[in-house]
Amino acid sequence: MKLFGLEEHFVTDDVVDAWKRHDPRLAAPMMKWAVASDITPALLDLDDLRIAAMDDAGIDTAVLSLTTPGLQNLDAAQAVSLQAPTNDAVAAAVRRHPERFQGFAALATSAPSAAADELRRAVTELGFNGALVNANSGGKSLDAPEFWDVYEAAEDLRAPVYLHPSTPFPTVTDAYYRGFGDPVDSMLATGAFGWHYDAGLTVLRMIVSGVFDRFPDLTVVLGHWGEVVLFYLDRVAALDGIAGLRRPVAEYFRSNLFITPGGISSHRYLRWTLEVVGAERVMYASDYPFNRERAGSARRFLDTAPISEADRERIAFRNWERLVAGIRR
């Protein structure tokens with residue numbers, strides 16, 4: 001059984017340098033972790049170290065994506081200057097290891113028109129299978145109409161957009177995720193809770209703002225078992241009578257969204273996700289290298305899941321291969 005990993009992060013030296021110029025203190029917790037920690041070598045490697053880690057986890061093919069905050073914390077000119085070289089670096093890695101790597105485009109969302117053009121180039125010329133974007137850009141949530149150029153391009157290409165968490169806005173972080181000292185403040189605002197809640201709220205805002213009504217064939221992938229919101233859809237249904245949408249909110253999750261575990265190896269969350277959206281809407285992701293999985297753990301998570309063999313194959317590779325086959329090159 002083939003196994004694809006869809007949330008497999010990297011960074012380049014050029015992006016690291018740009019982050020440091022933009023914010024010498026590296027105030028964003030995840031940025032500091034990416035630049036100066038024991039996982040930095042794993043993020044920078046697009047060859048043997050990464051492939052060895054994939055072999056260890058049992059992942060056959062990784063879809064590479066620039067780690068958060070990507071290019072989305074940079075000013076427009078700097079972000080635009082980096083998006084093509086960053087994607088070219090991924091394309092080169094894919095050419096070196098065509099059976100092991102695929103690519104998600106990194107986009108300069110601060111310049112949406114240029115980001116849309118780069119998405120088209122990445123898909124049609126570089127052979128990428130969509131893009132990964134982080135939940136806010138330049139102080140704005142990605143539901144804002146100025147970002148709709150990107151969604152229009154993605155829909156036209158039939159290319160999925162992986163919506164990844166990012167650190168909540170500073171005012172939100174200060175109000176809700178401070179007062180306990182580091183490292184608790186940083187983890188509370190990011191991987192423990194804050195950025196999952198923020199990403200889930202972002203996709204709800206996309207639904208309520210009419211993104212999927214305007215772009216009905218847009219496909220979004222949401223990690224970490226649906227970024228909290230999937231577990232609250234029965235309550236979110238309170239929006240159905242007042243939001244002026246074409247369909248109930250939950251229906252967008254069953255028609256426009258795919259869900260991945262994002263490295264959270266929980267059979268309990270898997271059962272809930274299958275009940276809510278069905279096996280046709282679930283794919284695998286390990287969140288490399290932030291999630292320290294044990295040897296063989298990616299494949300063991302699926303091998304031991306209490307599901308049918310057909311569903312196991314859907315999650316491991318069939319759903320992704322079907323989605324990729326529909327991309328317009």
# chains A, B, ... in the order shown; residues from 1 in each chain; ligands from 1
$ residues_around --residues "Phe10 in chain A" --least-positions-apart "6" --cutoff "8 Å" --atoms "only C-alpha atoms" --output "PyMOL selection string"
chain A and resi 42-46+64-67
$ residues_around --residues "Pro248 in chain A" --least-positions-apart "3" --cutoff "10 Å" --atoms "only C-alpha atoms" --output "list in words"
Ile207, Val236, Ala237, Ala238, Leu239, Asp240, Gly241, Ala243, Gly244, Leu245, Glu251, Tyr252 and Phe253 of chain A
$ residues_around --residues "Thr124 in chain A" --least-positions-apart "3" --cutoff "10 Å" --atoms "only C-alpha atoms" --output "PyMOL selection string"
chain A and resi 118-121+127-129+157+327-329
$ write_last_selection --atoms "C-alpha atoms" --output "short mmCIF file (atom, residue, chain, number, x, y, z; two decimals), in the first residue's frame"
data_model
loop_
_atom_site.label_atom_id
_atom_site.label_comp_id
_atom_site.auth_asym_id
_atom_site.auth_seq_id
_atom_site.Cartn_x
_atom_site.Cartn_y
_atom_site.Cartn_z
CA GLU A 118 2.89 31.78 -9.80
CA LEU A 119 0.35 29.10 -8.90
CA ARG A 120 -0.44 28.70 -12.60
CA ARG A 121 3.27 28.44 -13.42
CA GLY A 127 4.15 19.96 -12.30
CA PHE A 128 3.11 20.92 -8.76
CA ASN A 129 -0.09 19.57 -7.25
CA LEU A 157 -6.60 24.60 -12.45
CA ILE A 327 -5.66 18.87 -12.05
CA ARG A 328 -5.65 20.80 -15.32
CA ARG A 329 -2.08 21.02 -16.60
#
$ closest_residue --among "A:Asp149, A:Asp174, A:Asp287, A:Asp75" --to "Ile264 in chain A" --atoms "only C-alpha atoms"
A:Asp287
$ closest_residue --among "A:Ala108, A:Ala84, A:Val249, A:Ala154" --to "Glu125 in chain A" --atoms "only C-alpha atoms"
A:Ala84
$ closest_residue --among "A:Thr219, A:Ser166, A:Gln83, A:Ser209" --to "Phe193 in chain A" --atoms "only C-alpha atoms"
A:Ser166
$ residues_around --residues "Val63 in chain A" --least-positions-apart "5" --cutoff "8 Å" --atoms "only C-alpha atoms" --output "NGL selection string"
:A and (4-8 or 101-104)
$ write_last_selection --atoms "C-alpha atoms" --output "short mmCIF file (atom, residue, chain, number, x, y, z; two decimals), in the first residue's frame"
data_model
loop_
_atom_site.label_atom_id
_atom_site.label_comp_id
_atom_site.auth_asym_id
_atom_site.auth_seq_id
_atom_site.Cartn_x
_atom_site.Cartn_y
_atom_site.Cartn_z
CA PHE A 4 1.50 9.84 0.64
CA GLY A 5 2.31 12.54 3.18
CA LEU A 6 0.68 15.89 2.40
CA GLU A 7 2.03 18.22 5.08
CA GLU A 8 5.77 17.75 4.81
CA PHE A 101 8.72 14.03 -3.72
CA GLN A 102 5.89 16.15 -5.08
CA GLY A 103 5.37 19.86 -4.57
CA PHE A 104 2.94 22.40 -3.16
#
$ select_by_dssp --residues "range 136-261 of chain A" --states "helix (DSSP H, G or I)" --output "mmCIF file with C-alpha atoms, in the first residue's frame"
data_model
loop_
_atom_site.group_PDB
_atom_site.id
_atom_site.type_symbol
_atom_site.label_atom_id
_atom_site.label_comp_id
_atom_site.auth_asym_id
_atom_site.auth_seq_id
_atom_site.Cartn_x
_atom_site.Cartn_y
_atom_site.Cartn_z
ATOM 1 C CA PRO A 145 -11.781 39.361 -1.327
ATOM 2 C CA GLU A 146 -8.300 40.574 -2.279
ATOM 3 C CA PHE A 147 -7.091 36.972 -2.033
ATOM 4 C CA TRP A 148 -9.778 35.623 -4.331
ATOM 5 C CA ASP A 149 -7.448 35.831 -7.354
ATOM 6 C CA VAL A 150 -5.606 32.878 -5.841
ATOM 7 C CA TYR A 151 -8.804 30.878 -5.379
ATOM 8 C CA GLU A 152 -9.929 31.685 -8.914
ATOM 9 C CA ALA A 153 -6.646 30.329 -10.275
ATOM 10 C CA ALA A 154 -6.837 27.230 -8.052
ATOM 11 C CA GLU A 155 -10.402 26.497 -9.149
ATOM 12 C CA ASP A 156 -9.545 26.977 -12.812
ATOM 13 C CA LEU A 157 -6.604 24.597 -12.446
ATOM 14 C CA PRO A 170 -0.739 39.831 17.709
ATOM 15 C CA THR A 171 -3.808 41.358 19.363
ATOM 16 C CA VAL A 172 -5.392 37.918 19.622
ATOM 17 C CA THR A 173 -2.174 36.367 20.918
ATOM 18 C CA ASP A 174 -1.771 39.092 23.539
ATOM 19 C CA ALA A 175 -5.373 38.748 24.718
ATOM 20 C CA TYR A 176 -5.643 34.970 24.900
ATOM 21 C CA VAL A 184 3.922 27.780 27.566
ATOM 22 C CA ASP A 185 2.803 31.062 25.947
ATOM 23 C CA SER A 186 4.341 30.100 22.618
ATOM 24 C CA MET A 187 2.930 26.585 22.555
ATOM 25 C CA LEU A 188 -0.526 27.690 23.709
ATOM 26 C CA ALA A 189 -0.631 30.210 20.845
ATOM 27 C CA GLY A 194 -4.145 28.749 19.153
ATOM 28 C CA TRP A 195 -3.218 28.298 15.554
ATOM 29 C CA HIS A 196 -5.574 25.329 15.080
ATOM 30 C CA TYR A 197 -8.495 27.375 16.330
ATOM 31 C CA ASP A 198 -7.361 30.248 14.101
ATOM 32 C CA ALA A 199 -7.137 28.068 10.975
ATOM 33 C CA GLY A 200 -10.539 26.526 11.666
ATOM 34 C CA LEU A 201 -12.032 29.976 12.048
ATOM 35 C CA THR A 202 -10.374 30.999 8.775
ATOM 36 C CA VAL A 203 -12.069 28.220 6.822
ATOM 37 C CA LEU A 204 -15.402 29.117 8.466
ATOM 38 C CA ARG A 205 -14.859 32.709 7.374
ATOM 39 C CA MET A 206 -14.131 31.492 3.855
ATOM 40 C CA ILE A 207 -17.435 29.625 3.832
ATOM 41 C CA VAL A 208 -19.495 32.449 5.341
ATOM 42 C CA VAL A 211 -15.683 31.902 -1.240
ATOM 43 C CA PHE A 212 -17.081 28.456 -2.046
ATOM 44 C CA ASP A 213 -20.315 29.831 -3.465
ATOM 45 C CA ARG A 214 -18.280 32.012 -5.830
ATOM 46 C CA HIS A 224 -4.940 18.498 12.108
ATOM 47 C CA TRP A 225 -8.309 16.724 11.820
ATOM 48 C CA GLY A 226 -10.094 19.821 10.523
ATOM 49 C CA GLU A 227 -8.495 22.410 12.817
ATOM 50 C CA VAL A 229 -14.013 23.217 13.694
ATOM 51 C CA LEU A 230 -14.810 19.737 12.372
ATOM 52 C CA PHE A 231 -15.684 18.665 15.915
ATOM 53 C CA TYR A 232 -18.146 21.533 16.327
ATOM 54 C CA LEU A 233 -20.153 21.432 13.102
ATOM 55 C CA ASP A 234 -23.413 20.534 14.828
ATOM 56 C CA ARG A 235 -23.194 23.821 16.720
ATOM 57 C CA VAL A 236 -21.864 25.789 13.744
ATOM 58 C CA ALA A 237 -25.111 24.862 12.008
ATOM 59 C CA ALA A 238 -26.611 27.841 13.863
ATOM 60 C CA LEU A 239 -25.191 29.908 10.978
ATOM 61 C CA VAL A 249 -22.118 24.978 6.378
ATOM 62 C CA ALA A 250 -21.455 21.284 6.990
ATOM 63 C CA GLU A 251 -22.099 20.514 3.334
ATOM 64 C CA TYR A 252 -19.073 22.531 2.257
ATOM 65 C CA PHE A 253 -16.935 20.223 4.389
ATOM 66 C CA ARG A 254 -18.326 17.254 2.479
ATOM 67 C CA SER A 255 -17.944 18.749 -0.982
#
$ residues_around --residues "Met54 in chain A" --least-positions-apart "3" --cutoff "12 Å" --atoms "only C-alpha atoms" --output "MDAnalysis selection string"
chainID A and resid 3:5 8 42 46:51 57:63 100:101 285:289 292:299
$ select_by_dssp --residues "range 26-202 of chain A" --states "strand (DSSP E or B)" --output "list in words"
Thr61, Ala62, Val63, Leu64, Ser65, Leu66, Phe101, Gln102, Gly103, Ala105, Ala131, Leu132, Val133, Asn134, Asn136, Ser137, Lys140, Ser141, Val161, Tyr162, Leu163 and His164 of chain A
$ write_last_selection --atoms "N, CA and C atoms" --output "PDB file, in the first residue's frame"
ATOM      1  N   THR A  61       5.866   8.858  -0.527  1.00  0.00           N
ATOM      2  CA  THR A  61       5.997  10.105  -1.269  1.00  0.00           C
ATOM      3  C   THR A  61       5.547  11.262  -0.403  1.00  0.00           C
ATOM      4  N   ALA A  62       6.374  12.315  -0.339  1.00  0.00           N
ATOM      5  CA  ALA A  62       6.068  13.511   0.442  1.00  0.00           C
ATOM      6  C   ALA A  62       5.731  14.658  -0.501  1.00  0.00           C
ATOM      7  N   VAL A  63       4.662  15.382  -0.188  1.00  0.00           N
ATOM      8  CA  VAL A  63       4.326  16.593  -0.927  1.00  0.00           C
ATOM      9  C   VAL A  63       4.925  17.764  -0.155  1.00  0.00           C
ATOM     10  N   LEU A  64       5.986  18.337  -0.690  1.00  0.00           N
ATOM     11  CA  LEU A  64       6.789  19.330   0.023  1.00  0.00           C
ATOM     12  C   LEU A  64       6.089  20.680   0.067  1.00  0.00           C
ATOM     13  N   SER A  65       6.171  21.344   1.230  1.00  0.00           N
ATOM     14  CA  SER A  65       5.557  22.665   1.382  1.00  0.00           C
ATOM     15  C   SER A  65       6.431  23.535   2.268  1.00  0.00           C
ATOM     16  N   LEU A  66       6.554  24.809   1.892  1.00  0.00           N
ATOM     17  CA  LEU A  66       7.333  25.765   2.678  1.00  0.00           C
ATOM     18  C   LEU A  66       6.703  25.942   4.051  1.00  0.00           C
ATOM     19  N   PHE A 101       9.187  12.676  -4.029  1.00  0.00           N
ATOM     20  CA  PHE A 101       8.720  14.032  -3.722  1.00  0.00           C
ATOM     21  C   PHE A 101       7.706  14.521  -4.752  1.00  0.00           C
ATOM     22  N   GLN A 102       6.756  15.309  -4.268  1.00  0.00           N
ATOM     23  CA  GLN A 102       5.895  16.150  -5.083  1.00  0.00           C
ATOM     24  C   GLN A 102       5.921  17.543  -4.455  1.00  0.00           C
ATOM     25  N   GLY A 103       5.261  18.505  -5.076  1.00  0.00           N
ATOM     26  CA  GLY A 103       5.366  19.863  -4.570  1.00  0.00           C
ATOM     27  C   GLY A 103       4.047  20.585  -4.413  1.00  0.00           C
ATOM     28  N   ALA A 105       3.036  24.644  -4.110  1.00  0.00           N
ATOM     29  CA  ALA A 105       3.654  25.935  -4.371  1.00  0.00           C
ATOM     30  C   ALA A 105       3.641  26.816  -3.135  1.00  0.00           C
ATOM     31  N   ALA A 131      -1.082  24.251  -3.912  1.00  0.00           N
ATOM     32  CA  ALA A 131      -0.320  25.204  -3.111  1.00  0.00           C
ATOM     33  C   ALA A 131      -0.651  25.007  -1.644  1.00  0.00           C
ATOM     34  N   LEU A 132       0.260  25.435  -0.793  1.00  0.00           N
ATOM     35  CA  LEU A 132      -0.023  25.539   0.634  1.00  0.00           C
ATOM     36  C   LEU A 132       0.047  27.008   1.026  1.00  0.00           C
ATOM     37  N   VAL A 133      -1.015  27.489   1.697  1.00  0.00           N
ATOM     38  CA  VAL A 133      -1.041  28.858   2.198  1.00  0.00           C
ATOM     39  C   VAL A 133      -1.330  28.826   3.689  1.00  0.00           C
ATOM     40  N   ASN A 134      -0.829  29.836   4.382  1.00  0.00           N
ATOM     41  CA  ASN A 134      -1.055  29.959   5.820  1.00  0.00           C
ATOM     42  C   ASN A 134      -2.230  30.893   6.085  1.00  0.00           C
ATOM     43  N   ASN A 136      -3.262  33.514   7.620  1.00  0.00           N
ATOM     44  CA  ASN A 136      -3.391  34.971   7.499  1.00  0.00           C
ATOM     45  C   ASN A 136      -2.171  35.529   6.777  1.00  0.00           C
ATOM     46  N   SER A 137      -2.339  36.712   6.213  1.00  0.00           N
ATOM     47  CA  SER A 137      -1.295  37.308   5.393  1.00  0.00           C
ATOM     48  C   SER A 137      -1.360  38.818   5.533  1.00  0.00           C
ATOM     49  N   LYS A 140      -4.258  40.192   7.492  1.00  0.00           N
ATOM     50  CA  LYS A 140      -5.610  39.937   6.987  1.00  0.00           C
ATOM     51  C   LYS A 140      -5.858  38.437   6.908  1.00  0.00           C
ATOM     52  N   SER A 141      -7.094  38.058   7.216  1.00  0.00           N
ATOM     53  CA  SER A 141      -7.506  36.675   7.071  1.00  0.00           C
ATOM     54  C   SER A 141      -7.683  36.352   5.592  1.00  0.00           C
ATOM     55  N   VAL A 161      -5.781  23.654  -2.536  1.00  0.00           N
ATOM     56  CA  VAL A 161      -5.083  24.614  -1.683  1.00  0.00           C
ATOM     57  C   VAL A 161      -5.068  24.044  -0.270  1.00  0.00           C
ATOM     58  N   TYR A 162      -3.891  23.770   0.261  1.00  0.00           N
ATOM     59  CA  TYR A 162      -3.759  23.285   1.630  1.00  0.00           C
ATOM     60  C   TYR A 162      -3.728  24.509   2.538  1.00  0.00           C
ATOM     61  N   LEU A 163      -4.731  24.649   3.392  1.00  0.00           N
ATOM     62  CA  LEU A 163      -4.793  25.779   4.326  1.00  0.00           C
ATOM     63  C   LEU A 163      -4.120  25.381   5.632  1.00  0.00           C
ATOM     64  N   HIS A 164      -2.984  25.986   5.887  1.00  0.00           N
ATOM     65  CA  HIS A 164      -2.167  25.634   7.051  1.00  0.00           C
ATOM     66  C   HIS A 164      -2.312  26.705   8.130  1.00  0.00           C
TER      67      HIS A 164
END
$ decode --residues "range 64-199 of chain A" --atoms "C-alpha atoms" --output "mmCIF file, in the first residue's frame"
data_model
loop_
_atom_site.group_PDB
_atom_site.id
_atom_site.type_symbol
_atom_site.label_atom_id
_atom_site.label_comp_id
_atom_site.auth_asym_id
_atom_site.auth_seq_id
_atom_site.Cartn_x
_atom_site.Cartn_y
_atom_site.Cartn_z
ATOM 1 C CA LEU A 64 6.789 19.330 0.023
ATOM 2 C CA SER A 65 5.557 22.665 1.382
ATOM 3 C CA LEU A 66 7.333 25.765 2.678
ATOM 4 C CA THR A 67 6.983 25.891 6.439
ATOM 5 C CA THR A 68 4.963 28.576 8.227
ATOM 6 C CA PRO A 69 4.916 31.581 7.935
ATOM 7 C CA GLY A 70 6.187 30.934 4.438
ATOM 8 C CA LEU A 71 6.418 34.154 2.449
ATOM 9 C CA GLN A 72 3.292 35.581 4.047
ATOM 10 C CA ASN A 73 4.980 37.689 6.735
ATOM 11 C CA LEU A 74 7.117 39.540 4.168
ATOM 12 C CA ASP A 75 6.341 42.716 2.248
ATOM 13 C CA ALA A 76 4.982 42.205 -1.251
ATOM 14 C CA ALA A 77 8.132 42.958 -3.212
ATOM 15 C CA GLN A 78 10.296 40.653 -1.109
ATOM 16 C CA ALA A 79 7.721 37.868 -1.143
ATOM 17 C CA VAL A 80 7.283 38.058 -4.918
ATOM 18 C CA SER A 81 11.038 37.947 -5.458
ATOM 19 C CA LEU A 82 11.264 34.731 -3.425
ATOM 20 C CA GLN A 83 8.258 32.730 -4.619
ATOM 21 C CA ALA A 84 9.681 31.564 -7.968
ATOM 22 C CA PRO A 85 13.156 30.632 -6.635
ATOM 23 C CA THR A 86 11.583 28.772 -3.722
ATOM 24 C CA ASN A 87 9.321 26.784 -6.008
ATOM 25 C CA ASP A 88 12.177 26.158 -8.421
ATOM 26 C CA ALA A 89 14.152 24.641 -5.531
ATOM 27 C CA VAL A 90 11.293 22.245 -4.837
ATOM 28 C CA ALA A 91 10.996 21.404 -8.524
ATOM 29 C CA ALA A 92 14.699 20.567 -8.589
ATOM 30 C CA ALA A 93 14.256 18.254 -5.589
ATOM 31 C CA VAL A 94 11.339 16.548 -7.322
ATOM 32 C CA ARG A 95 13.475 16.030 -10.433
ATOM 33 C CA ARG A 96 16.204 14.466 -8.291
ATOM 34 C CA HIS A 97 13.743 12.177 -6.515
ATOM 35 C CA PRO A 98 10.639 11.898 -8.718
ATOM 36 C CA GLU A 99 9.205 8.878 -6.928
ATOM 37 C CA ARG A 100 9.684 10.341 -3.459
ATOM 38 C CA PHE A 101 8.720 14.032 -3.722
ATOM 39 C CA GLN A 102 5.895 16.150 -5.083
ATOM 40 C CA GLY A 103 5.366 19.863 -4.570
ATOM 41 C CA PHE A 104 2.937 22.403 -3.164
ATOM 42 C CA ALA A 105 3.654 25.935 -4.371
ATOM 43 C CA ALA A 106 4.771 28.673 -1.991
ATOM 44 C CA LEU A 107 2.865 31.870 -2.793
ATOM 45 C CA ALA A 108 3.396 35.575 -2.155
ATOM 46 C CA THR A 109 -0.134 36.169 -0.895
ATOM 47 C CA SER A 110 0.695 39.802 -0.128
ATOM 48 C CA ALA A 111 0.583 40.260 -3.917
ATOM 49 C CA PRO A 112 -2.437 38.104 -4.834
ATOM 50 C CA SER A 113 -2.300 38.624 -8.592
ATOM 51 C CA ALA A 114 1.369 37.639 -8.704
ATOM 52 C CA ALA A 115 0.605 34.694 -6.397
ATOM 53 C CA ALA A 116 -2.135 33.511 -8.759
ATOM 54 C CA ASP A 117 0.268 33.738 -11.718
ATOM 55 C CA GLU A 118 2.888 31.780 -9.798
ATOM 56 C CA LEU A 119 0.351 29.104 -8.900
ATOM 57 C CA ARG A 120 -0.437 28.700 -12.595
ATOM 58 C CA ARG A 121 3.272 28.443 -13.420
ATOM 59 C CA ALA A 122 3.916 25.980 -10.607
ATOM 60 C CA VAL A 123 1.115 23.679 -11.726
ATOM 61 C CA THR A 124 1.437 23.889 -15.511
ATOM 62 C CA GLU A 125 5.225 24.248 -15.877
ATOM 63 C CA LEU A 126 6.707 22.730 -12.716
ATOM 64 C CA GLY A 127 4.149 19.958 -12.296
ATOM 65 C CA PHE A 128 3.115 20.916 -8.759
ATOM 66 C CA ASN A 129 -0.087 19.573 -7.249
ATOM 67 C CA GLY A 130 -1.510 22.769 -5.748
ATOM 68 C CA ALA A 131 -0.320 25.204 -3.111
ATOM 69 C CA LEU A 132 -0.023 25.539 0.634
ATOM 70 C CA VAL A 133 -1.041 28.858 2.198
ATOM 71 C CA ASN A 134 -1.055 29.959 5.820
ATOM 72 C CA ALA A 135 -4.211 31.256 7.450
ATOM 73 C CA ASN A 136 -3.391 34.971 7.499
ATOM 74 C CA SER A 137 -1.295 37.308 5.393
ATOM 75 C CA GLY A 138 -0.213 40.862 6.063
ATOM 76 C CA GLY A 139 -2.616 41.202 8.973
ATOM 77 C CA LYS A 140 -5.610 39.937 6.987
ATOM 78 C CA SER A 141 -7.506 36.675 7.071
ATOM 79 C CA LEU A 142 -7.428 34.733 3.804
ATOM 80 C CA ASP A 143 -11.173 35.029 3.309
ATOM 81 C CA ALA A 144 -10.687 38.701 2.280
ATOM 82 C CA PRO A 145 -11.781 39.361 -1.327
ATOM 83 C CA GLU A 146 -8.300 40.574 -2.279
ATOM 84 C CA PHE A 147 -7.091 36.972 -2.033
ATOM 85 C CA TRP A 148 -9.778 35.623 -4.331
ATOM 86 C CA ASP A 149 -7.448 35.831 -7.354
ATOM 87 C CA VAL A 150 -5.606 32.878 -5.841
ATOM 88 C CA TYR A 151 -8.804 30.878 -5.379
ATOM 89 C CA GLU A 152 -9.929 31.685 -8.914
ATOM 90 C CA ALA A 153 -6.646 30.329 -10.275
ATOM 91 C CA ALA A 154 -6.837 27.230 -8.052
ATOM 92 C CA GLU A 155 -10.402 26.497 -9.149
ATOM 93 C CA ASP A 156 -9.545 26.977 -12.812
ATOM 94 C CA LEU A 157 -6.604 24.597 -12.446
ATOM 95 C CA ARG A 158 -8.605 22.190 -10.263
ATOM 96 C CA ALA A 159 -5.572 22.362 -7.956
ATOM 97 C CA PRO A 160 -6.044 21.931 -4.197
ATOM 98 C CA VAL A 161 -5.083 24.614 -1.683
ATOM 99 C CA TYR A 162 -3.759 23.285 1.630
ATOM 100 C CA LEU A 163 -4.793 25.779 4.326
ATOM 101 C CA HIS A 164 -2.167 25.634 7.051
ATOM 102 C CA PRO A 165 -2.269 27.360 10.461
ATOM 103 C CA SER A 166 -0.253 30.446 11.219
ATOM 104 C CA THR A 167 0.348 32.313 14.447
ATOM 105 C CA PRO A 168 -2.795 34.309 15.359
ATOM 106 C CA PHE A 169 -2.785 38.080 14.977
ATOM 107 C CA PRO A 170 -0.739 39.831 17.709
ATOM 108 C CA THR A 171 -3.808 41.358 19.363
ATOM 109 C CA VAL A 172 -5.392 37.918 19.622
ATOM 110 C CA THR A 173 -2.174 36.367 20.918
ATOM 111 C CA ASP A 174 -1.771 39.092 23.539
ATOM 112 C CA ALA A 175 -5.373 38.748 24.718
ATOM 113 C CA TYR A 176 -5.643 34.970 24.900
ATOM 114 C CA TYR A 177 -2.217 33.334 24.866
ATOM 115 C CA ARG A 178 -0.032 35.323 27.233
ATOM 116 C CA GLY A 179 0.677 35.320 30.954
ATOM 117 C CA PHE A 180 2.317 31.953 31.549
ATOM 118 C CA GLY A 181 5.853 32.608 30.324
ATOM 119 C CA ASP A 182 7.753 30.828 27.589
ATOM 120 C CA PRO A 183 7.561 28.126 26.434
ATOM 121 C CA VAL A 184 3.922 27.780 27.566
ATOM 122 C CA ASP A 185 2.803 31.062 25.947
ATOM 123 C CA SER A 186 4.341 30.100 22.618
ATOM 124 C CA MET A 187 2.930 26.585 22.555
ATOM 125 C CA LEU A 188 -0.526 27.690 23.709
ATOM 126 C CA ALA A 189 -0.631 30.210 20.845
ATOM 127 C CA THR A 190 0.557 27.715 18.245
ATOM 128 C CA GLY A 191 0.741 23.949 18.221
ATOM 129 C CA ALA A 192 -1.240 23.207 21.384
ATOM 130 C CA PHE A 193 -4.344 25.179 20.440
ATOM 131 C CA GLY A 194 -4.145 28.749 19.153
ATOM 132 C CA TRP A 195 -3.218 28.298 15.554
ATOM 133 C CA HIS A 196 -5.574 25.329 15.080
ATOM 134 C CA TYR A 197 -8.495 27.375 16.330
ATOM 135 C CA ASP A 198 -7.361 30.248 14.101
ATOM 136 C CA ALA A 199 -7.137 28.068 10.975
#
